[in-house]
Every structure is written in structure tokens, then in C-alpha cells.
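Working notes, structure below.
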Amino acid sequence: MCGRYNLAPSPELATVFKALDAPYGEFKPMYNIAPTETVPVIHRFGGAVTSSMMRWWLVPSWSNGPSQDYSMFNARIEKLNSSRAFKGPFNKHPAVIPASSFIEWKTEDGNKQPYLIEGEQPLLLAGAWDCWESKSDAVYSCTMATQAAKGDMAQYHKRMPVLLSVDQARQWLSSGSLNTLNDLETGCPELRFTAIDPTIGNSRHKDAPVPAK
């Protein structure tokens, strides 16, 4: 799974947005992002690639509205074709969720130690979006796909986000089909793992992660 991540503006991130033809708006660094928070999402709308702020917890268009009765911030790639909640968005509304890093916990000596996980470049997480509407409101929301952990990631957690290269992200955004995501060879780029201070476990802690003492 992926339940926390970070996103900080950088020249590298701006380059990624440009490579995907997505507008790079101004935003402040976002640390320890937790499910249900509002996050930047790259997606297609009206035939063009754009970027929007969306709720990180999918609210299907056919549902009764925002709810936390079911976990909707991650979507297992193995079950997307059979999931009523995820099949439609992943077939109609592909999205890419940019991240500077994400956080996972590893049990060590009986304690859960958080690790900051980074790549050489900003990370592009495969996802999908949807829009739920009422008579007076509209909620744009997103979810991210996860897969079985690969490479060094398997030492830290059983699951990981589906990480895309820029070329793969471009294919995913232009496809409008879950088959494209299934056909992409989504491996594991070289990642760095840094043990960080456990205070990050509190989702209200919004300072930048610091190395564990």
C-alpha cells in the first residue's frame, strides 16, 4: 500500500510536468500527505492534459457521496478489472499522481520504523480519478494503483505504488484503457531508503521528514 507521501516543488518536478504537457501551477511543499487530503493530479480533461487538485480517496460517480466506509485511496492493480469501484475510473479517467517521495513502515525489533523512499527523479504514480456530483456540489477525487513490491522495495513492504517513467506516464494518460496499464512493464526504478523520525506517524505532523536519530 501507499498511505503517506510528500510533494515539494523543484526544477526537476517542473520538468516532469512540462514533459507531460501539464500546467505546473504554484503550490507549497506538502509533507506527510495522508488519505482524504487534497493533492495535485495530472489527468486529461476535455481532450487535453491538465493538472487539478483532487481529494486523495476516490468517490465513485455512482456512489452516495464521500465516505470512509471502504478504503479507496489505494487500488490493487490485480483486482482493477473486477472492482466495481475502480474498473470504471481506470478505464475512463487515467491519472498520474506526482510525488517527491513516499513513506512506508518496516517492523524492526518489534517496532514500526518509517522509511522515506525516493528516486533519482520525481516519482510518477499511476492512478485514476472520478467526479461525484450532487445538486449543489462536485467532488473530484483520485486513487493510486499498487502492485506487489519489486526489487529492493520487497525488503520494506509487500506492496508499492505502480511507478511510471515519463514515457509510460504519457502512454497511460493518453490511453483511456486499463489494458494499457496492465500491458506496461512497470518495474522498480532505483530507490533510496532512509530511516526517518517516527513522529511522521502522526498525520498532523506536516514538517519535512528528518532522519531517525
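Identifiers in the C-alpha cells: chain A, B, ... in order shown; residue index from 1 per chain; ligand index from 1 in order shown.
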
Can you pull out every residue within 12 Å of range 106-120 of chain A, counting only C-alpha atoms, but drop anything in the same chain fewer than 2 positions away, and send it as an mmCIF file with C-alpha atoms, in the first residue's frame?
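Result file around.cif:
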data_model
loop_
_atom_site.group_PDB
_atom_site.id
_atom_site.type_symbol
_atom_site.label_atom_id
_atom_site.label_comp_id
_atom_site.auth_asym_id
_atom_site.auth_seq_id
_atom_site.Cartn_x
_atom_site.Cartn_y
_atom_site.Cartn_z
ATOM 1 C CA CYS A 2 0.977 3.643 -0.020
ATOM 2 C CA GLY A 3 -0.619 5.696 2.722
ATOM 3 C CA ARG A 4 1.694 8.704 3.026
ATOM 4 C CA TYR A 5 3.770 10.672 0.577
ATOM 5 C CA ASN A 6 5.467 14.032 0.029
ATOM 6 C CA LEU A 7 5.486 16.549 -2.804
ATOM 7 C CA GLU A 12 13.019 18.558 -11.694
ATOM 8 C CA LEU A 13 9.303 18.395 -10.914
ATOM 9 C CA TYR A 31 4.707 16.764 3.592
ATOM 10 C CA ASN A 32 3.240 13.641 5.139
ATOM 11 C CA ALA A 99 5.405 12.631 -5.650
ATOM 12 C CA SER A 100 8.818 13.621 -4.381
ATOM 13 C CA SER A 101 8.896 10.562 -2.117
ATOM 14 C CA PHE A 102 6.629 8.203 -0.227
ATOM 15 C CA ILE A 103 6.740 6.639 3.213
ATOM 16 C CA GLU A 104 6.408 3.052 4.373
ATOM 17 C CA PRO A 122 10.329 12.827 -9.033
ATOM 18 C CA LEU A 123 8.080 9.780 -8.853
ATOM 19 C CA LEU A 124 5.057 9.341 -11.108
ATOM 20 C CA ASP A 152 14.716 -3.650 -3.019
ATOM 21 C CA MET A 153 11.241 -2.432 -2.105
ATOM 22 C CA ALA A 154 10.288 -6.006 -1.153
ATOM 23 C CA GLN A 155 12.583 -5.718 1.875
ATOM 24 C CA TYR A 156 10.445 -2.902 3.266
ATOM 25 C CA HIS A 157 6.844 -3.679 2.339
ATOM 26 C CA LYS A 158 4.757 -6.243 0.461
ATOM 27 C CA ARG A 159 3.137 -3.587 -1.740
ATOM 28 C CA MET A 160 4.305 -0.497 -3.596
ATOM 29 C CA PRO A 161 2.821 2.139 -5.906
ATOM 30 C CA LEU A 163 5.715 3.718 -10.658
ATOM 31 C CA LEU A 164 5.849 5.043 -14.217
ATOM 32 C CA SER A 165 8.596 6.561 -16.311
ATOM 33 C CA CYS A 188 11.035 -0.722 -9.899
ATOM 34 C CA PRO A 189 13.431 2.169 -10.511
ATOM 35 C CA GLU A 190 16.457 2.594 -8.308
ATOM 36 C CA LEU A 191 15.192 3.800 -4.948
ATOM 37 C CA ARG A 192 16.825 5.204 -1.822
ATOM 38 C CA PHE A 193 15.597 4.195 1.627
ATOM 39 C CA THR A 194 16.210 6.460 4.614
ATOM 40 C CA ALA A 195 15.023 5.727 8.152
ATOM 41 C CA ILE A 196 13.186 8.813 9.425
ATOM 42 C CA ASP A 197 11.883 10.109 12.736
ATOM 43 C CA PRO A 198 8.771 8.186 13.894
ATOM 44 C CA THR A 199 6.873 11.441 14.562
ATOM 45 C CA ILE A 200 5.873 11.197 10.895
ATOM 46 C CA GLY A 201 3.396 8.550 12.034
ATOM 47 C CA ASN A 202 1.064 11.327 13.170
ATOM 48 C CA ALA A 208 9.660 17.838 6.294
ATOM 49 C CA PRO A 209 10.837 14.335 7.287
ATOM 50 C CA VAL A 210 14.119 14.186 9.185
ATOM 51 C CA PRO A 211 16.483 11.219 9.546
ATOM 52 C CA ALA A 212 15.951 8.959 12.543
ATOM 53 C CA LYS A 213 18.290 9.577 15.461
#

All alpha helix (DSSP H) residues (DSSP, backbone) inside range 53-172 of chain A, as a list of chain:residue names: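 Matching residues, listed in order: A:Arg84, A:Ala85, A:Phe86, A:Lys87, A:Gly88, A:Pro89, A:Phe90, A:Asn91, A:Lys92, A:Val166, A:Asp167, A:Gln168, A:Ala169, A:Arg170, A:Gln171, A:Trp172.
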
Resulting file, chosen residues, N, CA and C atoms, as a CSV table (one decimal), in the first residue's frame:
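Heads up, here's the output in selection16.csv:
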chain,number,residue,atom,x,y,z
A,84,ARG,N,-16.0,-3.0,-9.0
A,84,ARG,CA,-17.0,-2.0,-9.5
A,84,ARG,C,-16.5,-0.6,-9.2
A,85,ALA,N,-15.9,-0.4,-8.1
A,85,ALA,CA,-15.5,1.0,-7.7
A,85,ALA,C,-14.4,1.5,-8.6
A,86,PHE,N,-13.4,0.6,-9.0
A,86,PHE,CA,-12.2,1.1,-9.7
A,86,PHE,C,-12.2,0.8,-11.2
A,87,LYS,N,-12.9,-0.1,-11.6
A,87,LYS,CA,-12.9,-0.5,-13.1
A,87,LYS,C,-13.2,0.7,-14.0
A,88,GLY,N,-14.3,1.4,-13.7
A,88,GLY,CA,-14.7,2.5,-14.5
A,88,GLY,C,-13.7,3.6,-14.6
A,89,PRO,N,-13.3,4.1,-13.4
A,89,PRO,CA,-12.3,5.2,-13.4
A,89,PRO,C,-11.0,4.8,-14.1
A,90,PHE,N,-10.5,3.6,-13.9
A,90,PHE,CA,-9.2,3.2,-14.5
A,90,PHE,C,-9.4,3.0,-16.0
A,91,ASN,N,-10.6,2.8,-16.5
A,91,ASN,CA,-10.8,2.6,-17.9
A,91,ASN,C,-11.2,3.9,-18.6
A,92,LYS,N,-11.7,4.9,-17.8
A,92,LYS,CA,-12.1,6.2,-18.4
A,92,LYS,C,-11.3,7.4,-18.1
A,166,VAL,N,8.5,8.7,-17.5
A,166,VAL,CA,7.7,9.8,-18.2
A,166,VAL,C,7.1,9.2,-19.4
A,167,ASP,N,7.8,8.4,-20.2
A,167,ASP,CA,7.1,7.8,-21.4
A,167,ASP,C,5.9,6.9,-21.0
A,168,GLN,N,6.0,6.1,-20.0
A,168,GLN,CA,4.9,5.3,-19.5
A,168,GLN,C,3.8,6.2,-19.1
A,169,ALA,N,4.1,7.2,-18.3
A,169,ALA,CA,3.0,8.1,-17.9
A,169,ALA,C,2.3,8.8,-19.0
A,170,ARG,N,3.0,9.1,-20.1
A,170,ARG,CA,2.4,9.7,-21.3
A,170,ARG,C,1.5,8.7,-21.9
A,171,GLN,N,1.9,7.4,-22.0
A,171,GLN,CA,1.1,6.4,-22.6
A,171,GLN,C,-0.2,6.2,-21.8
A,172,TRP,N,0.0,6.1,-20.4
A,172,TRP,CA,-1.2,5.9,-19.6
A,172,TRP,C,-2.2,7.0,-19.7

Among listed residues A:Trp105, A:Trp57, A:Trp62, A:Tyr70, nearest Met144 in chain A (using only C-alpha atoms): A:Trp57

Between CA of Thr143 in chain A and CA of Asn64 in chain A - distance in Å to one decimal: 17.5 Å

Two-atom distance - CA of Phe73 in chain A, CA of Pro35 in chain A (Å): 6.1 Å

From A:Thr186, A:Ser141, A:Ser203, A:Gln121, residue lying nearest His93 in chain A [only C-alpha atoms]: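 For His93 in chain A, the nearest of the candidates is A:Ser141.
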
Backbone DSSP call of strand (DSSP E) for range 5-213 of chain A, listed as a PyMOL selection string: chain A and resi 5-7+30-33+38-45+48-56+74-76+94-99+101-108+111-119+123-133+138-148+159-161+163-164+191-195

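When only C-alpha atoms are used to measure the gap to Ser63 in chain A, the shortest distance among A:Thr50, A:Lys28, A:Phe17, A:Trp132 belongs to A:Trp132.
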
Interatomic distance, CA of Arg55 in chain A to CA of Ser10 in chain A (Å, one decimal):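 If I compute the distance from CA of Arg55 in chain A to CA of Ser10 in chain A, I get 22.6 Å.
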